[in-house]
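Shown next: input.cif, given as mmCIF, C-alpha atoms.
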```cif
data_query
loop_
_atom_site.label_atom_id
_atom_site.label_comp_id
_atom_site.auth_asym_id
_atom_site.auth_seq_id
_atom_site.Cartn_x
_atom_site.Cartn_y
_atom_site.Cartn_z
CA MET U 3 20.98 42.36 -10.82
CA THR U 4 21.23 38.68 -11.66
CA VAL U 5 18.30 36.47 -12.68
CA LYS U 6 18.44 32.79 -13.67
CA LEU U 7 15.63 30.50 -14.83
CA ILE U 8 16.26 26.88 -13.86
CA PRO U 9 14.03 23.86 -14.59
CA TYR U 10 13.04 22.17 -11.31
CA LEU U 11 11.86 18.54 -11.29
CA VAL U 12 9.72 17.15 -8.47
CA MET U 13 10.13 13.42 -8.05
CA ASP U 14 7.96 10.92 -6.15
CA GLY U 15 10.48 9.41 -3.74
CA ASN U 16 12.98 8.41 -6.42
CA GLY U 17 15.07 11.60 -6.48
CA MET U 18 18.37 9.86 -5.64
CA GLU U 19 17.70 7.33 -8.38
CA ALA U 20 17.03 10.20 -10.83
CA ILE U 21 20.30 11.90 -9.86
CA GLU U 22 22.24 8.69 -10.51
CA PHE U 23 20.39 8.18 -13.79
CA TYR U 24 21.18 11.70 -15.04
CA LYS U 25 24.83 11.34 -13.95
CA GLU U 26 25.13 8.34 -16.25
CA ALA U 27 22.75 9.27 -19.07
CA LEU U 28 23.70 12.94 -19.37
CA GLN U 29 27.17 13.00 -17.76
CA ALA U 30 25.73 15.29 -15.09
CA GLU U 31 27.86 16.64 -12.28
CA VAL U 32 26.23 16.78 -8.84
CA LEU U 33 26.71 20.30 -7.45
CA TYR U 34 24.57 19.94 -4.32
CA THR U 35 22.32 17.42 -2.65
CA GLN U 36 20.47 17.44 0.67
CA THR U 37 17.93 15.00 2.11
CA PHE U 38 14.91 15.90 4.23
CA GLY U 39 16.72 14.18 7.13
CA GLU U 40 19.62 16.65 6.79
CA MET U 41 17.36 19.71 7.03
CA PRO U 42 16.82 21.56 10.31
CA GLU U 43 13.94 19.95 12.21
CA ASN U 44 10.60 21.76 12.33
CA PRO U 45 8.34 20.61 15.21
CA GLU U 46 5.27 21.91 13.33
CA TYR U 47 5.98 19.42 10.52
CA PRO U 48 7.46 16.25 12.02
CA LEU U 49 9.26 14.18 9.43
CA PRO U 50 8.24 10.53 9.05
CA GLU U 51 11.20 8.16 9.37
CA ASP U 52 10.71 6.78 5.85
CA ALA U 53 11.04 10.29 4.35
CA LYS U 54 14.43 11.18 5.79
CA GLU U 55 16.31 9.78 2.79
CA ARG U 56 14.17 11.63 0.24
CA VAL U 57 15.86 14.49 -1.59
CA SER U 58 14.85 17.90 -0.25
CA HIS U 59 16.97 19.72 -2.83
CA ALA U 60 19.62 18.90 -5.40
CA THR U 61 21.38 20.77 -8.18
CA ILE U 62 23.11 19.01 -11.03
CA LYS U 63 25.03 20.50 -13.92
CA ILE U 64 24.57 19.14 -17.43
CA GLY U 65 26.97 20.79 -19.84
CA GLU U 66 26.59 24.51 -19.18
CA SER U 67 23.06 24.21 -17.73
CA GLU U 68 21.75 23.49 -14.27
CA LEU U 69 18.81 21.31 -13.32
CA MET U 70 17.32 21.27 -9.83
CA LEU U 71 15.20 18.54 -8.31
CA SER U 72 13.63 17.28 -5.11
CA ASP U 73 11.24 14.61 -3.94
CA THR U 74 7.74 15.44 -2.81
CA PHE U 75 7.43 16.13 0.89
CA PRO U 76 5.44 13.42 2.68
CA GLY U 77 1.74 14.10 2.21
CA GLN U 78 2.18 16.17 -0.96
CA VAL U 79 0.45 14.87 -4.05
CA HIS U 80 2.63 13.91 -7.00
CA GLN U 81 1.00 13.62 -10.38
CA SER U 82 2.06 13.88 -13.97
CA GLY U 83 1.96 17.51 -14.97
CA ASN U 84 3.11 19.03 -11.67
CA GLN U 85 6.58 17.52 -11.56
CA LEU U 86 8.21 20.42 -13.43
CA THR U 87 8.41 24.00 -12.21
CA ILE U 88 10.63 26.93 -13.11
CA CYS U 89 12.89 28.22 -10.37
CA ILE U 90 13.61 31.94 -10.75
CA THR U 91 16.73 32.83 -8.79
CA THR U 92 17.74 36.41 -8.12
CA ASN U 93 20.08 38.16 -5.70
CA ASP U 94 17.64 41.05 -5.16
CA GLN U 95 14.84 40.64 -2.57
CA ALA U 96 12.84 43.58 -3.94
CA GLN U 97 12.95 42.05 -7.41
CA ALA U 98 11.93 38.65 -5.99
CA LYS U 99 8.95 40.26 -4.27
CA ALA U 100 7.88 42.14 -7.42
CA MET U 101 8.09 39.00 -9.58
CA PHE U 102 6.25 36.91 -6.97
CA GLU U 103 3.44 39.47 -6.70
CA ALA U 104 3.15 39.77 -10.49
CA LEU U 105 2.98 35.99 -10.97
CA SER U 106 0.42 35.75 -8.14
CA ASP U 107 -2.00 38.10 -9.92
CA GLY U 108 -4.74 35.74 -11.10
CA GLY U 109 -2.72 32.75 -9.92
CA THR U 110 -2.51 30.62 -6.79
CA VAL U 111 0.10 31.08 -4.06
CA THR U 112 1.16 27.68 -2.72
CA MET U 113 3.80 29.06 -0.33
CA PRO U 114 3.92 32.78 0.49
CA LEU U 115 7.19 34.58 -0.15
CA GLN U 116 9.05 34.33 3.14
CA GLU U 117 12.42 33.89 4.80
CA THR U 118 13.56 30.26 5.05
CA PHE U 119 16.71 28.63 6.36
CA PHE U 120 18.07 28.56 2.78
CA SER U 121 16.82 31.89 1.40
CA PRO U 122 15.91 35.37 2.68
CA ALA U 123 12.90 35.36 0.31
CA TYR U 124 11.43 32.13 -1.09
CA GLY U 125 7.94 31.23 -2.23
CA THR U 126 5.99 29.16 -4.71
CA VAL U 127 3.16 30.19 -6.99
CA THR U 128 1.19 28.81 -9.91
CA ASP U 129 0.43 31.58 -12.37
CA LYS U 130 -2.90 32.15 -14.10
CA PHE U 131 -1.76 29.88 -16.96
CA GLY U 132 -1.09 26.93 -14.65
CA VAL U 133 2.71 27.26 -14.77
CA GLY U 134 4.45 26.59 -11.46
CA PHE U 135 7.23 28.92 -10.29
CA GLN U 136 9.58 28.93 -7.35
CA ILE U 137 10.99 32.34 -6.51
CA HIS U 138 14.34 32.03 -4.75
CA THR U 139 16.53 34.84 -3.48
CA GLY U 140 20.16 33.85 -3.09
CA LYS U 141 21.90 34.78 0.13
CA SER U 142 24.59 37.38 -0.14
CA GLN U 143 28.16 36.37 0.72
CA GLU U 144 27.84 38.21 4.05
CA GLU U 145 24.83 36.05 5.03
CA MET U 146 26.57 32.75 4.26
#
```

Can you turn what I pasted into structure tokens?
Amino acid sequence: MTVKLIPYLVMDGNGMEAIEFYKEALQAEVLYTQTFGEMPENPEYPLPEDAKERVSHATIKIGESELMLSDTFPGQVHQSGNQLTICITTNDQAQAKAMFEALSDGGTVTMPLQETFFSPAYGTVTDKFGVGFQIHTGKSQEEM
């Protein structure tokens, strides 16, 4: 069983600028970056043209630590205080479900735990203390 806690920043359309800033300021190495325009299209949520260059997900490495970030999706509210969440990554779907359910008790589910194109079990929740969490289950090597 592997579990990692990773800070996750949510930017307001300036995610690429933040990546470049952290590369210079913190000697960060970009491990992964994807824009909303590079994601599979979803007809239920058409993507405005001006949002295609926004960051849907990025991972940078600073020293021995990782930092994840994305831009808000068009229509989502960005405000000071909600731009930082904790991403809990595990390779065990049952563990992901148990943690998600425990954090949901007294909290608010913002995205139910579900299969996505990037994870077999992913969801977001704000716990009863107002702390935002993303629960992410990594795909096994066979699924990749």

Taking all atoms of region 60-74 of chain U that the file lists and extending 3 Å past them on each side, where is the centre of the axis-aligned box and how long are its edges? Answer in Å to one decimal, as JSON.
```
{"center_x": 17.4, "center_y": 19.6, "center_z": -11.3, "size_x": 25.2, "size_y": 15.9, "size_z": 23.0}
```

### Query
If you apply the PyMOL selection byres ((chain U and resi 118) around 12) to this file, what residues do you get, as a list in words?
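Selected by the PyMOL selection byres ((chain U and resi 118) around 12) here: Met41, Pro42, Asn44, Met113, Pro114, Leu115, Gln116, Glu117, Phe119, Phe120, Ser121, Pro122, Ala123, Tyr124, Gly125, His138, Thr139, Gly140 and Lys141 of chain U.
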
### Task
Kindly give the distance, in Å, that separates CA of Thr128 (chain U) and CA of Leu11 (chain U), rounded to a single decimal.
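It comes out at 14.9 Å.
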
### Message
Measuring between all atoms listed in the file, which one of U:Ile64, U:Ala104, U:Cys89, U:Val127 shows the shortest distance to Val32 (chain U)?
### Response
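Using all atoms listed in the file, the shortest distance to Val32 (chain U) belongs to U:Ile64.
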
## Note on the structure
CA of Met101 (chain U) sits from CA of Leu7 (chain U) at a separation of 12.5 Å

### Query
CA of Asn93 (chain U) and CA of Ala20 (chain U), how far apart in Å?
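One can read the CA of Ala20 (chain U) to CA of Asn93 (chain U) distance as 28.6 Å.
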
### Message
List as a list in words the residues having at least one atom at most 10 Å from position (16.0, 17.8, -2.3) as given in the file, counting all atoms listed in the file.
### Response
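Residues lying no farther than 10 Å from the given point: Leu11, Val12, Met13, Gly17, Met18, Tyr34, Thr35, Gln36, Thr37, Phe38, Glu40, Met41, Glu55, Arg56, Val57, Ser58, His59, Ala60, Thr61, Met70, Leu71, Ser72, Asp73, Thr74 and Phe75 of chain U.
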
### Nearest residue to Leu33 (chain U) from the set U:Ser67, U:Val133, U:Pro9, U:Pro76 (distances using all atoms listed in the file)
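The answer is U:Ser67, which sits nearest to Leu33 (chain U).
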
### Task
Tell me which protein, DNA and RNA residues are within 9 Å of Leu28 (chain U), counting all atoms listed in the file, leaving out same-chain ones fewer than 4 positions away, and put them as a ChimeraX atom specification.
/U:23-24,64-65

Pull C-alpha atoms from the residues just selected and write them as an mmCIF file, in the frame of the given file.
```
data_model
loop_
_atom_site.group_PDB
_atom_site.id
_atom_site.type_symbol
_atom_site.label_atom_id
_atom_site.label_comp_id
_atom_site.auth_asym_id
_atom_site.auth_seq_id
_atom_site.Cartn_x
_atom_site.Cartn_y
_atom_site.Cartn_z
ATOM 1 C CA PHE U 23 20.390 8.180 -13.790
ATOM 2 C CA TYR U 24 21.180 11.700 -15.040
ATOM 3 C CA ILE U 64 24.570 19.140 -17.430
ATOM 4 C CA GLY U 65 26.970 20.790 -19.840
#
```

Could N, CA and C atoms be built for region 111-145 of chain U and written out as a compact mmCIF listing (two decimals), in the frame of the given file?
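Wrote it out as out-v4.txt, contents follow:
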```txt
# COMPACT_ATOMS: atom_id res chain seq x y z
N VAL U 111 -1.11 31.15 -4.90
CA VAL U 111 0.10 31.08 -4.06
C VAL U 111 0.05 29.76 -3.29
N THR U 112 1.09 28.94 -3.45
CA THR U 112 1.16 27.68 -2.72
C THR U 112 2.06 27.78 -1.49
N MET U 113 2.98 28.73 -1.50
CA MET U 113 3.80 29.06 -0.33
C MET U 113 4.13 30.54 -0.42
N PRO U 114 3.64 31.34 0.55
CA PRO U 114 3.92 32.78 0.49
C PRO U 114 5.42 33.06 0.48
N LEU U 115 5.79 34.16 -0.14
CA LEU U 115 7.19 34.58 -0.15
C LEU U 115 7.60 34.88 1.28
N GLN U 116 8.65 34.20 1.74
CA GLN U 116 9.05 34.33 3.14
C GLN U 116 10.52 33.94 3.31
N GLU U 117 11.06 34.30 4.47
CA GLU U 117 12.42 33.89 4.80
C GLU U 117 12.41 32.41 5.19
N THR U 118 13.39 31.67 4.70
CA THR U 118 13.56 30.26 5.05
C THR U 118 15.01 30.07 5.50
N PHE U 119 15.33 28.87 5.94
CA PHE U 119 16.71 28.63 6.36
C PHE U 119 17.69 28.69 5.19
N PHE U 120 17.18 28.57 3.95
CA PHE U 120 18.07 28.56 2.78
C PHE U 120 17.95 29.81 1.91
N SER U 121 17.01 30.71 2.24
CA SER U 121 16.82 31.89 1.40
C SER U 121 16.16 33.00 2.20
N PRO U 122 16.58 34.26 2.00
CA PRO U 122 15.91 35.37 2.68
C PRO U 122 14.53 35.67 2.11
N ALA U 123 14.22 35.16 0.92
CA ALA U 123 12.90 35.36 0.31
C ALA U 123 12.64 34.22 -0.66
N TYR U 124 11.76 33.29 -0.27
CA TYR U 124 11.43 32.13 -1.09
C TYR U 124 9.93 31.90 -1.04
N GLY U 125 9.36 31.56 -2.18
CA GLY U 125 7.94 31.23 -2.23
C GLY U 125 7.60 30.49 -3.50
N THR U 126 6.42 29.89 -3.53
CA THR U 126 5.99 29.16 -4.71
C THR U 126 4.61 29.64 -5.13
N VAL U 127 4.40 29.68 -6.43
CA VAL U 127 3.16 30.19 -6.99
C VAL U 127 2.88 29.49 -8.32
N THR U 128 1.61 29.27 -8.59
CA THR U 128 1.19 28.81 -9.91
C THR U 128 0.50 29.99 -10.57
N ASP U 129 1.00 30.39 -11.73
CA ASP U 129 0.43 31.58 -12.37
C ASP U 129 -0.93 31.28 -13.00
N LYS U 130 -1.55 32.29 -13.56
CA LYS U 130 -2.90 32.15 -14.10
C LYS U 130 -2.96 31.22 -15.30
N PHE U 131 -1.80 30.81 -15.83
CA PHE U 131 -1.76 29.88 -16.96
C PHE U 131 -1.48 28.45 -16.51
N GLY U 132 -1.36 28.26 -15.18
CA GLY U 132 -1.09 26.93 -14.65
C GLY U 132 0.38 26.55 -14.60
N VAL U 133 1.27 27.52 -14.81
CA VAL U 133 2.71 27.26 -14.77
C VAL U 133 3.21 27.48 -13.35
N GLY U 134 3.93 26.50 -12.81
CA GLY U 134 4.45 26.59 -11.46
C GLY U 134 5.81 27.27 -11.42
N PHE U 135 5.97 28.20 -10.48
CA PHE U 135 7.23 28.92 -10.29
C PHE U 135 7.66 28.84 -8.84
N GLN U 136 8.96 28.74 -8.65
CA GLN U 136 9.58 28.93 -7.35
C GLN U 136 10.40 30.20 -7.45
N ILE U 137 10.20 31.12 -6.53
CA ILE U 137 10.99 32.34 -6.51
C ILE U 137 12.00 32.18 -5.38
N HIS U 138 13.27 32.27 -5.71
CA HIS U 138 14.34 32.03 -4.75
C HIS U 138 15.30 33.21 -4.76
N THR U 139 15.55 33.78 -3.61
CA THR U 139 16.53 34.84 -3.48
C THR U 139 17.78 34.24 -2.89
N GLY U 140 18.89 34.36 -3.59
CA GLY U 140 20.16 33.85 -3.09
C GLY U 140 20.66 34.71 -1.94
N LYS U 141 21.29 34.05 -0.99
CA LYS U 141 21.90 34.78 0.13
C LYS U 141 23.15 35.48 -0.36
N SER U 142 23.37 36.67 0.20
CA SER U 142 24.59 37.38 -0.14
C SER U 142 25.77 36.69 0.55
N GLN U 143 26.97 36.98 0.12
CA GLN U 143 28.16 36.37 0.72
C GLN U 143 28.26 36.67 2.20
N GLU U 144 27.79 37.85 2.63
CA GLU U 144 27.84 38.21 4.05
C GLU U 144 26.91 37.33 4.89
N GLU U 145 25.81 36.87 4.29
CA GLU U 145 24.83 36.05 5.03
C GLU U 145 25.24 34.59 5.13
```
